[in-house]
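A.B. asks: Contents are compact mmCIF, C-alpha atoms; file name my_file23.txt:
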```txt
# COMPACT_ATOMS: atom_id res chain seq x y z
CA MET R 223 42.13 -7.96 37.29
CA SER R 224 45.02 -7.91 39.74
CA THR R 225 48.00 -5.77 38.75
CA SER R 226 50.25 -7.23 41.47
CA ARG R 227 53.34 -9.03 40.26
CA GLN R 228 52.89 -12.78 40.41
CA LEU R 229 56.15 -14.03 41.89
CA LEU R 230 57.33 -17.53 41.13
CA THR R 231 57.36 -20.24 43.77
CA SER R 232 60.49 -22.01 44.99
CA VAL R 233 59.45 -25.14 43.09
CA GLN R 234 59.17 -23.14 39.86
CA VAL R 235 62.58 -21.53 40.37
CA ALA R 236 64.11 -24.92 41.20
CA ARG R 237 62.65 -26.26 37.94
CA PHE R 238 64.22 -23.32 36.10
CA VAL R 239 67.60 -24.05 37.73
CA ALA R 240 67.32 -27.71 36.71
CA GLN R 241 65.90 -27.32 33.21
CA GLY R 242 66.98 -23.82 32.18
CA PHE R 243 63.62 -22.46 31.09
CA LEU R 244 60.14 -21.46 32.25
CA ARG R 245 57.03 -21.38 30.04
CA LEU R 246 54.15 -18.97 30.54
CA ASP R 247 51.60 -20.23 28.04
CA GLY R 248 49.05 -17.80 26.59
CA VAL R 249 49.57 -15.11 29.25
CA VAL R 250 49.56 -12.18 26.82
CA PRO R 251 46.12 -10.85 25.79
CA ALA R 252 45.01 -10.82 22.15
CA GLY R 253 45.17 -7.03 21.89
CA ILE R 254 48.86 -6.89 22.77
CA ASN R 255 49.55 -9.84 20.45
CA ALA R 256 47.94 -8.04 17.51
CA ARG R 257 49.94 -4.88 18.16
CA ALA R 258 53.12 -6.91 18.45
CA VAL R 259 52.68 -8.65 15.10
CA ALA R 260 52.09 -5.28 13.42
CA ALA R 261 55.15 -3.76 15.11
CA LEU R 262 57.45 -6.69 14.34
CA ASP R 263 56.91 -6.11 10.64
CA THR R 264 58.67 -2.74 11.03
CA ASP R 265 62.05 -1.64 12.35
CA LEU R 266 61.82 -1.37 16.12
CA PRO R 267 63.60 1.60 17.72
CA GLY R 268 67.04 0.69 19.00
CA VAL R 269 67.79 0.62 22.71
CA PRO R 270 71.40 1.08 23.94
CA TYR R 271 73.03 -1.77 25.84
CA GLY R 272 72.67 -1.39 29.59
CA THR R 273 69.52 0.75 29.52
CA PRO R 274 67.40 0.25 32.66
CA LEU R 275 64.43 -1.84 31.59
CA ALA R 276 62.02 0.64 33.19
CA GLU R 277 63.31 3.34 30.82
CA ALA R 278 63.74 1.27 27.66
CA PHE R 279 60.25 1.30 26.16
CA ALA R 280 57.67 4.06 25.80
CA PRO R 281 54.28 3.52 27.49
CA ASP R 282 52.51 3.27 24.12
CA THR R 283 54.57 0.29 22.91
CA PHE R 284 53.58 -3.37 22.99
CA VAL R 285 56.83 -4.23 24.81
CA HIS R 286 55.98 -1.89 27.69
CA ASP R 287 52.54 -3.48 28.08
CA LEU R 288 53.96 -7.00 27.72
CA LEU R 289 56.46 -6.44 30.53
CA ALA R 290 53.79 -4.87 32.75
CA LEU R 291 51.64 -8.02 32.76
CA PRO R 292 51.62 -9.42 36.32
CA ALA R 293 52.70 -12.93 35.29
CA VAL R 294 55.56 -11.63 33.15
CA ALA R 295 56.68 -8.93 35.60
CA GLY R 296 56.58 -11.40 38.47
CA ALA R 297 58.59 -14.03 36.64
CA VAL R 298 61.22 -11.50 35.56
CA GLN R 299 61.56 -10.14 39.09
CA SER R 300 61.77 -13.66 40.52
CA LEU R 301 64.71 -14.54 38.28
CA VAL R 302 66.73 -11.33 37.80
CA GLY R 303 65.22 -9.04 40.42
CA PRO R 304 63.85 -5.50 40.32
CA GLY R 305 65.47 -2.94 38.03
CA PRO R 306 67.21 -5.18 35.47
CA THR R 307 68.98 -3.66 32.50
CA LEU R 308 68.38 -4.45 28.86
CA ASP R 309 71.24 -6.25 27.16
CA HIS R 310 69.72 -6.36 23.68
CA GLN R 311 66.51 -6.99 21.80
CA ALA R 312 66.03 -8.95 18.58
CA VAL R 313 63.25 -9.92 16.21
CA HIS R 314 63.59 -13.47 14.88
CA VAL R 315 61.55 -14.32 11.79
CA ARG R 316 61.25 -17.73 10.17
CA GLU R 317 60.10 -17.17 6.62
CA PRO R 318 57.49 -19.40 4.90
CA HIS R 319 58.94 -22.53 3.32
CA GLU R 320 62.48 -21.19 3.82
CA GLY R 321 63.95 -24.67 3.66
CA HIS R 322 66.58 -24.46 6.39
CA ALA R 323 67.00 -24.24 10.15
CA GLN R 324 69.57 -22.91 12.58
CA PRO R 325 72.17 -25.31 13.94
CA LEU R 326 71.90 -26.15 17.62
CA HIS R 327 73.96 -23.60 19.55
CA GLY R 328 74.55 -21.75 22.80
CA ASP R 329 74.77 -17.96 22.95
CA ALA R 330 77.51 -17.01 25.37
CA ILE R 331 80.55 -19.18 25.99
CA ILE R 332 82.32 -16.15 27.47
CA ASP R 333 79.66 -15.99 30.19
CA VAL R 334 80.64 -18.62 32.76
CA ARG R 335 79.38 -16.97 35.93
CA PRO R 336 78.59 -19.69 38.49
CA ASP R 337 76.54 -17.48 40.80
CA ALA R 338 74.57 -15.24 38.43
CA PHE R 339 72.81 -15.47 35.10
CA ASP R 340 70.94 -13.40 32.54
CA ILE R 341 67.59 -14.42 31.15
CA GLN R 342 66.35 -14.27 27.60
CA LEU R 343 62.65 -13.51 27.31
CA MET R 344 61.19 -15.09 24.18
CA TYR R 345 57.72 -13.89 23.20
CA TYR R 346 55.51 -15.59 20.60
CA PRO R 347 52.62 -13.27 19.63
CA HIS R 348 50.78 -15.86 17.54
CA GLU R 349 50.14 -19.58 17.76
CA VAL R 350 53.14 -21.73 16.90
CA THR R 351 52.33 -25.13 15.39
CA ALA R 352 54.79 -27.98 14.84
CA GLU R 353 54.90 -27.19 11.12
CA MET R 354 55.93 -23.57 11.84
CA GLY R 355 59.31 -24.59 13.20
CA GLY R 356 59.08 -23.55 16.83
CA THR R 357 62.26 -22.90 18.80
CA LEU R 358 64.03 -26.13 19.70
CA SER R 359 65.79 -26.29 23.06
CA VAL R 360 67.49 -28.92 25.17
CA PRO R 361 66.24 -28.87 28.77
CA GLY R 362 69.06 -29.02 31.29
CA SER R 363 71.80 -27.99 28.86
CA HIS R 364 72.34 -24.49 30.23
CA LEU R 365 75.05 -25.38 32.77
CA ARG R 366 77.14 -27.44 30.35
CA ARG R 367 79.33 -24.84 28.68
CA ILE R 368 79.88 -24.97 24.94
CA ASN R 369 81.41 -22.61 22.40
CA GLU R 370 78.62 -21.35 20.13
CA THR R 371 77.98 -24.13 17.60
CA ASP R 372 80.14 -26.86 19.17
CA VAL R 373 76.95 -28.95 19.20
CA GLY R 374 75.79 -27.73 15.79
CA ARG R 375 76.41 -31.13 14.21
CA VAL R 376 73.95 -32.74 16.63
CA GLN R 377 70.59 -33.34 14.99
CA ASN R 378 68.54 -34.71 17.87
CA LEU R 379 68.94 -35.30 21.60
CA ARG R 380 66.59 -37.32 23.75
CA GLY R 381 64.20 -35.05 25.63
CA GLN R 382 64.69 -32.01 23.40
CA THR R 383 61.62 -29.81 23.03
CA ARG R 384 60.38 -28.21 19.84
CA LEU R 385 58.08 -25.42 20.92
CA THR R 386 54.42 -25.46 20.04
CA CYS R 387 52.31 -22.96 21.93
CA PRO R 388 49.20 -20.79 21.92
CA ALA R 389 49.36 -17.13 20.96
CA GLY R 390 50.74 -14.87 23.67
CA THR R 391 53.23 -17.33 25.13
CA VAL R 392 56.38 -16.15 26.90
CA VAL R 393 59.35 -18.44 27.54
CA LEU R 394 62.12 -17.32 29.89
CA VAL R 395 65.43 -19.13 29.38
CA HIS R 396 68.81 -19.15 31.11
CA HIS R 397 71.37 -17.50 28.84
CA GLY R 398 73.34 -20.73 28.43
CA ILE R 399 70.62 -23.04 27.11
CA TRP R 400 71.25 -24.91 23.83
CA HIS R 401 68.63 -23.93 21.26
CA SER R 402 67.89 -23.33 17.58
CA GLY R 403 65.18 -21.90 15.36
CA ARG R 404 63.64 -24.68 13.29
CA ARG R 405 62.49 -24.70 9.67
CA ASN R 406 59.11 -23.14 8.90
CA ASP R 407 57.15 -25.45 6.57
CA THR R 408 54.00 -23.32 6.42
CA ALA R 409 52.90 -20.39 4.26
CA THR R 410 52.87 -18.07 7.30
CA ARG R 411 55.74 -16.04 8.76
CA ARG R 412 56.69 -17.03 12.28
CA TYR R 413 57.74 -14.30 14.69
CA MET R 414 59.64 -14.40 17.94
CA TYR R 415 60.66 -11.30 19.89
CA LYS R 416 63.59 -11.66 22.28
CA LEU R 417 64.98 -9.57 25.12
CA ARG R 418 68.10 -10.37 27.13
CA LEU R 419 67.93 -8.99 30.66
CA ASN R 420 70.78 -8.49 33.13
CA PRO R 421 70.35 -8.44 36.93
CA THR R 422 71.49 -5.40 38.88
CA VAL R 423 70.96 -6.86 42.37
CA PRO R 424 72.17 -10.11 43.94
CA GLN R 425 69.94 -12.94 42.70
CA VAL R 426 69.17 -14.18 46.18
CA ARG R 427 65.65 -15.19 47.25
CA LEU R 428 63.91 -12.90 44.78
CA TRP R 429 60.84 -15.12 44.47
CA ASP R 430 58.08 -16.21 46.88
CA THR R 431 60.04 -18.42 49.27
CA ALA R 432 57.06 -19.71 51.28
CA ASP R 433 57.68 -23.20 49.87
CA LEU R 434 61.48 -23.07 50.07
CA HIS R 435 61.66 -26.29 52.09
CA ASP R 436 59.06 -28.19 50.08
CA PRO R 437 60.46 -31.67 49.22
CA ALA R 438 59.47 -30.97 45.62
CA VAL R 439 62.35 -28.46 45.43
CA THR R 440 64.92 -31.20 45.99
CA GLU R 441 63.06 -33.48 43.56
CA GLU R 442 63.33 -30.84 40.83
CA LEU R 443 67.01 -30.20 41.48
CA GLY R 444 67.87 -33.90 41.54
CA ALA R 445 65.91 -34.96 38.44
CA TYR R 446 67.77 -36.72 35.63
CA LEU R 447 66.93 -35.64 32.08
CA PRO R 448 66.72 -38.04 29.11
CA TRP R 449 69.87 -36.93 27.26
CA TYR R 450 72.19 -37.09 30.27
CA GLU R 451 74.83 -39.80 30.31
CA GLN R 452 74.71 -41.77 33.55
CA ALA R 453 78.04 -40.60 34.92
CA SER R 454 78.19 -37.03 33.68
CA ALA R 455 74.64 -36.40 34.88
CA ARG R 456 76.21 -36.00 38.29
CA LEU R 457 78.07 -32.94 37.02
CA GLU R 458 74.82 -31.34 35.87
CA ILE R 459 73.21 -31.92 39.26
CA TYR R 460 76.38 -30.75 41.03
CA ASN R 461 76.25 -27.46 39.10
CA ARG R 462 72.54 -27.09 39.86
CA VAL R 463 73.31 -27.37 43.56
CA LEU R 464 76.01 -24.71 43.31
CA LEU R 465 73.57 -22.36 41.59
CA TRP R 466 70.79 -23.12 44.06
CA ARG R 467 73.14 -22.42 46.97
CA ALA R 468 73.97 -19.05 45.40
CA LEU R 469 70.30 -18.20 44.79
CA THR R 470 69.19 -19.12 48.31
CA GLY R 471 72.26 -18.17 50.32
CA ASP R 472 72.12 -21.66 51.84
CA ASP R 473 75.55 -23.31 51.65
CA SER R 474 74.26 -26.44 53.36
CA PHE R 475 71.83 -27.50 50.62
CA ASP R 476 72.85 -30.61 48.72
CA VAL R 477 71.62 -33.49 46.58
CA GLU R 478 73.15 -36.93 47.26
CA TYR R 479 75.89 -35.23 49.36
CA TRP R 480 77.94 -34.59 46.18
CA VAL R 481 78.82 -30.92 46.70
CA THR R 482 79.42 -31.36 50.43
CA ARG R 483 81.87 -34.19 49.68
CA VAL R 484 83.76 -32.37 46.93
CA THR R 485 84.05 -29.05 48.77
CA ASN R 486 85.36 -30.67 51.96
CA ARG R 487 88.81 -29.12 52.69
CA PRO R 488 89.91 -30.18 56.19
CA ALA R 489 93.37 -28.64 55.72
CA LEU R 490 91.81 -25.21 55.24
CA ARG R 491 89.88 -25.27 58.49
CA SER R 492 91.04 -23.10 61.34
CA HIS R 493 92.92 -24.90 64.09
CA ALA R 494 92.25 -22.16 66.59
```
Represent the structure contained in this file as structure tokens.
C.D. replies:
Amino acid sequence: MSTSRQLLTSVQVARFVAQGFLRLDGVVPAGINARAVAALDTDLPGVPYGTPLAEAFAPDTFVHDLLALPAVAGAVQSLVGPGPTLDHQAVHVREPHEGHAQPLHGDAIIDVRPDAFDIQLMYYPHEVTAEMGGTLSVPGSHLRRINETDVGRVQNLRGQTRLTCPAGTVVLVHHGIWHSGRRNDTATRRYMYKLRLNPTVPQVRLWDTADLHDPAVTEELGAYLPWYEQASARLEIYNRVLLWRALTGDDSFDVEYWVTRVTNRPALRSHA
């Protein structure tokens, strides 16, 4: 089995920029999954904020082996680069028949960086069925800033996804995505292990850029999502273009000429 990191393609990164998440279904082997479930029933050792990820977990831990998997390591490097730091880790448990769910929310209103982002790695060590209350998220919500539970009163949005997945699935999300843990209606505990990772290098062309000019990149970045209002959808796509320009270093990229038009400042041009 190859141990080389499997970098994402430009189309995959463009989809992440547009939708705010990337799924890696069933990429974690059964042995690591079994160790993870056993470990998540105990208190995991704490890791200080800002610890280099390479130093955060001992080689005999499930987290170390999870992060060393080529698909996971490649996706992490493609989004936040080599040598990220650990922001925090958390174990989320939905108890059997607990009778309630989280409100829809975003995690970090104070984080409004237009040219950088953290990722949250969500790992599901066992199968998640619809009845187990998989994490709900709203694709494409990550660039529309909210304050924590501003959208908590919202029950459903068109196009929202309620996660169902095979054991060993990893989902990488932009730190701003709207999400919530849903109610578990089964007799089995549901586990999710989460890491927030911070980049330490500029997030510019960190992935496999061989397909950078594939027309599918522009299709991903210009796609409308079901919950978008017709007019304000332009703002979402505008913000995607700004982020894509930052990630590629290409200030000429655009969709429908919107950013080029709005950033046009003739009075600021040199008259030399």
A.B. asks: From the set R:Leu230, R:Val350, R:Val298, R:Ile332, which residue has the shortest atom-to-atom contact distance to Asp407 (chain R), counting all atoms listed in the file?
C.D. replies: R:Val350
A.B. asks: Set the distance at 12 Å and use all atoms listed in the file: which residues neighbour region 289-293 of chain R once local chain neighbours fewer than 6 positions away are removed? I'd like the list as a compact mmCIF listing (two decimals) with C-alpha atoms, in the frame of the given file.
C.D. replies:
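Writing done, so here's result29.txt:
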```txt
# COMPACT_ATOMS: atom_id res chain seq x y z
CA MET R 223 42.13 -7.96 37.29
CA SER R 224 45.02 -7.91 39.74
CA THR R 225 48.00 -5.77 38.75
CA SER R 226 50.25 -7.23 41.47
CA ARG R 227 53.34 -9.03 40.26
CA GLN R 228 52.89 -12.78 40.41
CA LEU R 229 56.15 -14.03 41.89
CA LEU R 230 57.33 -17.53 41.13
CA LEU R 244 60.14 -21.46 32.25
CA ARG R 245 57.03 -21.38 30.04
CA LEU R 246 54.15 -18.97 30.54
CA ASP R 247 51.60 -20.23 28.04
CA GLY R 248 49.05 -17.80 26.59
CA VAL R 249 49.57 -15.11 29.25
CA VAL R 250 49.56 -12.18 26.82
CA PRO R 251 46.12 -10.85 25.79
CA ILE R 254 48.86 -6.89 22.77
CA LEU R 275 64.43 -1.84 31.59
CA ALA R 276 62.02 0.64 33.19
CA GLU R 277 63.31 3.34 30.82
CA ALA R 278 63.74 1.27 27.66
CA PHE R 279 60.25 1.30 26.16
CA ALA R 280 57.67 4.06 25.80
CA PRO R 281 54.28 3.52 27.49
CA ASP R 282 52.51 3.27 24.12
CA THR R 283 54.57 0.29 22.91
CA GLN R 299 61.56 -10.14 39.09
CA SER R 300 61.77 -13.66 40.52
CA PRO R 306 67.21 -5.18 35.47
CA LEU R 343 62.65 -13.51 27.31
CA MET R 344 61.19 -15.09 24.18
CA TYR R 345 57.72 -13.89 23.20
CA GLY R 390 50.74 -14.87 23.67
CA THR R 391 53.23 -17.33 25.13
CA VAL R 392 56.38 -16.15 26.90
CA VAL R 393 59.35 -18.44 27.54
CA LEU R 394 62.12 -17.32 29.89
CA LEU R 417 64.98 -9.57 25.12
CA LEU R 419 67.93 -8.99 30.66
```
A.B. asks: Residues at most 10 Å from Thr371 (chain R), counting all atoms listed in the file, excluding those fewer than 6 positions away in the same chain, as an MDAnalysis selection string?
C.D. replies: chainID R and resid 324:329 400
A.B. asks: Using Å and a single decimal, report how far CA of Trp429 (chain R) sits from CA of Glu458 (chain R).
C.D. replies: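 Taking CA of Glu458 (chain R) as the start and CA of Trp429 (chain R) as the end point, the length is 23.1 Å.
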A.B. asks: Here is a test: counting only C-alpha atoms, which residue of R:Arg380, R:His322, R:His397, R:His310 is nearest to Leu447 (chain R)?
C.D. replies: R:Arg380
A.B. asks: Taking all atoms listed in the file into account, which of R:Ala453, R:Ala389, R:Ile459, R:Ala256 comes nearest Tyr479 (chain R)?
C.D. replies: R:Ile459
A.B. asks: Can you tell me how far CA of Val269 (chain R) sits from CA of Asp287 (chain R), in Å to one decimal?
C.D. replies: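 Between CA of Val269 (chain R) and CA of Asp287 (chain R) the gap works out to 16.7 Å.
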A.B. asks: How far is it from CA of Phe284 (chain R) to CA of Thr264 (chain R), in Å with one decimal?
C.D. replies: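 Separating CA of Phe284 (chain R) from CA of Thr264 (chain R) is a distance of 13.0 Å.
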A.B. asks: Around (66.6, -24.5, 12.5), as given in the file, which residues come within 6 Å? Count all atoms listed in the file and list them as a list in words.
C.D. replies: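 Counting all atoms listed in the file, I find these residues within 6 Å of (66.6, -24.5, 12.5): Ala323, Gln324, Pro325, Ser402, Gly403, Arg404 and Arg405 of chain R.
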A.B. asks: Box for region 248-252 of chain R - axis-aligned, 4 Å on each of the six sides, all listed atoms - centre and size in Å to one decimal, as JSON.
C.D. replies:
```
{"center_x": 47.3, "center_y": -14.3, "center_z": 25.7, "size_x": 12.6, "size_y": 15.0, "size_z": 15.1}
```
A.B. asks: So, counting only C-alpha atoms, which residue among R:Val285, R:Leu308, R:Ala258, R:Val302 is closest to Pro270 (chain R)?
C.D. replies: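 Answer, going by the shortest atom-to-atom distance: R:Leu308.
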A.B. asks: Since the input is missing atoms for region 349-370 of chain R, could you rebuild it with N, CA and C atoms and give the result as a PDB file, keeping the file's coordinate frame?
C.D. replies:
```pdb
ATOM      1  N   GLU R 349      50.005 -18.144  17.544  1.00  0.00           N
ATOM      2  CA  GLU R 349      50.140 -19.580  17.760  1.00  0.00           C
ATOM      3  C   GLU R 349      51.329 -20.126  16.975  1.00  0.00           C
ATOM      4  N   VAL R 350      52.049 -21.042  17.582  1.00  0.00           N
ATOM      5  CA  VAL R 350      53.140 -21.730  16.900  1.00  0.00           C
ATOM      6  C   VAL R 350      52.782 -23.209  16.823  1.00  0.00           C
ATOM      7  N   THR R 351      52.621 -23.712  15.601  1.00  0.00           N
ATOM      8  CA  THR R 351      52.330 -25.130  15.390  1.00  0.00           C
ATOM      9  C   THR R 351      53.642 -25.867  15.105  1.00  0.00           C
ATOM     10  N   ALA R 352      53.586 -27.188  15.111  1.00  0.00           N
ATOM     11  CA  ALA R 352      54.790 -27.980  14.840  1.00  0.00           C
ATOM     12  C   ALA R 352      55.340 -27.687  13.453  1.00  0.00           C
ATOM     13  N   GLU R 353      54.455 -27.443  12.489  1.00  0.00           N
ATOM     14  CA  GLU R 353      54.900 -27.190  11.120  1.00  0.00           C
ATOM     15  C   GLU R 353      55.561 -25.821  10.968  1.00  0.00           C
ATOM     16  N   MET R 354      55.365 -24.918  11.933  1.00  0.00           N
ATOM     17  CA  MET R 354      55.930 -23.570  11.840  1.00  0.00           C
ATOM     18  C   MET R 354      57.373 -23.491  12.328  1.00  0.00           C
ATOM     19  N   GLY R 355      57.906 -24.594  12.816  1.00  0.00           N
ATOM     20  CA  GLY R 355      59.310 -24.590  13.200  1.00  0.00           C
ATOM     21  C   GLY R 355      59.580 -23.862  14.494  1.00  0.00           C
ATOM     22  N   GLY R 356      58.865 -24.200  15.544  1.00  0.00           N
ATOM     23  CA  GLY R 356      59.080 -23.550  16.830  1.00  0.00           C
ATOM     24  C   GLY R 356      60.482 -23.751  17.358  1.00  0.00           C
ATOM     25  N   THR R 357      60.913 -22.854  18.231  1.00  0.00           N
ATOM     26  CA  THR R 357      62.260 -22.900  18.800  1.00  0.00           C
ATOM     27  C   THR R 357      62.516 -24.260  19.460  1.00  0.00           C
ATOM     28  N   LEU R 358      63.613 -24.877  19.074  1.00  0.00           N
ATOM     29  CA  LEU R 358      64.030 -26.130  19.700  1.00  0.00           C
ATOM     30  C   LEU R 358      64.995 -25.799  20.831  1.00  0.00           C
ATOM     31  N   SER R 359      64.843 -26.466  21.956  1.00  0.00           N
ATOM     32  CA  SER R 359      65.790 -26.290  23.060  1.00  0.00           C
ATOM     33  C   SER R 359      66.014 -27.620  23.750  1.00  0.00           C
ATOM     34  N   VAL R 360      67.111 -27.691  24.477  1.00  0.00           N
ATOM     35  CA  VAL R 360      67.490 -28.920  25.170  1.00  0.00           C
ATOM     36  C   VAL R 360      67.416 -28.658  26.669  1.00  0.00           C
ATOM     37  N   PRO R 361      66.356 -29.105  27.333  1.00  0.00           N
ATOM     38  CA  PRO R 361      66.240 -28.870  28.770  1.00  0.00           C
ATOM     39  C   PRO R 361      67.457 -29.400  29.525  1.00  0.00           C
ATOM     40  N   GLY R 362      67.944 -28.602  30.453  1.00  0.00           N
ATOM     41  CA  GLY R 362      69.060 -29.020  31.290  1.00  0.00           C
ATOM     42  C   GLY R 362      70.427 -28.842  30.675  1.00  0.00           C
ATOM     43  N   SER R 363      70.504 -28.167  29.535  1.00  0.00           N
ATOM     44  CA  SER R 363      71.800 -27.990  28.860  1.00  0.00           C
ATOM     45  C   SER R 363      72.522 -26.723  29.280  1.00  0.00           C
ATOM     46  N   HIS R 364      71.858 -25.846  30.009  1.00  0.00           N
ATOM     47  CA  HIS R 364      72.340 -24.490  30.230  1.00  0.00           C
ATOM     48  C   HIS R 364      73.601 -24.396  31.089  1.00  0.00           C
ATOM     49  N   LEU R 365      73.868 -25.412  31.910  1.00  0.00           N
ATOM     50  CA  LEU R 365      75.050 -25.380  32.770  1.00  0.00           C
ATOM     51  C   LEU R 365      76.210 -26.185  32.212  1.00  0.00           C
ATOM     52  N   ARG R 366      76.041 -26.744  31.025  1.00  0.00           N
ATOM     53  CA  ARG R 366      77.140 -27.440  30.350  1.00  0.00           C
ATOM     54  C   ARG R 366      77.672 -26.506  29.272  1.00  0.00           C
ATOM     55  N   ARG R 367      78.830 -25.921  29.517  1.00  0.00           N
ATOM     56  CA  ARG R 367      79.330 -24.840  28.680  1.00  0.00           C
ATOM     57  C   ARG R 367      79.815 -25.360  27.327  1.00  0.00           C
ATOM     58  N   ILE R 368      79.414 -24.669  26.283  1.00  0.00           N
ATOM     59  CA  ILE R 368      79.880 -24.970  24.940  1.00  0.00           C
ATOM     60  C   ILE R 368      80.289 -23.665  24.266  1.00  0.00           C
ATOM     61  N   ASN R 369      81.017 -23.781  23.168  1.00  0.00           N
ATOM     62  CA  ASN R 369      81.410 -22.610  22.400  1.00  0.00           C
ATOM     63  C   ASN R 369      80.520 -22.495  21.163  1.00  0.00           C
ATOM     64  N   GLU R 370      79.518 -21.627  21.262  1.00  0.00           N
ATOM     65  CA  GLU R 370      78.620 -21.350  20.130  1.00  0.00           C
ATOM     66  C   GLU R 370      78.062 -22.630  19.517  1.00  0.00           C
TER      67      GLU R 370
END
```
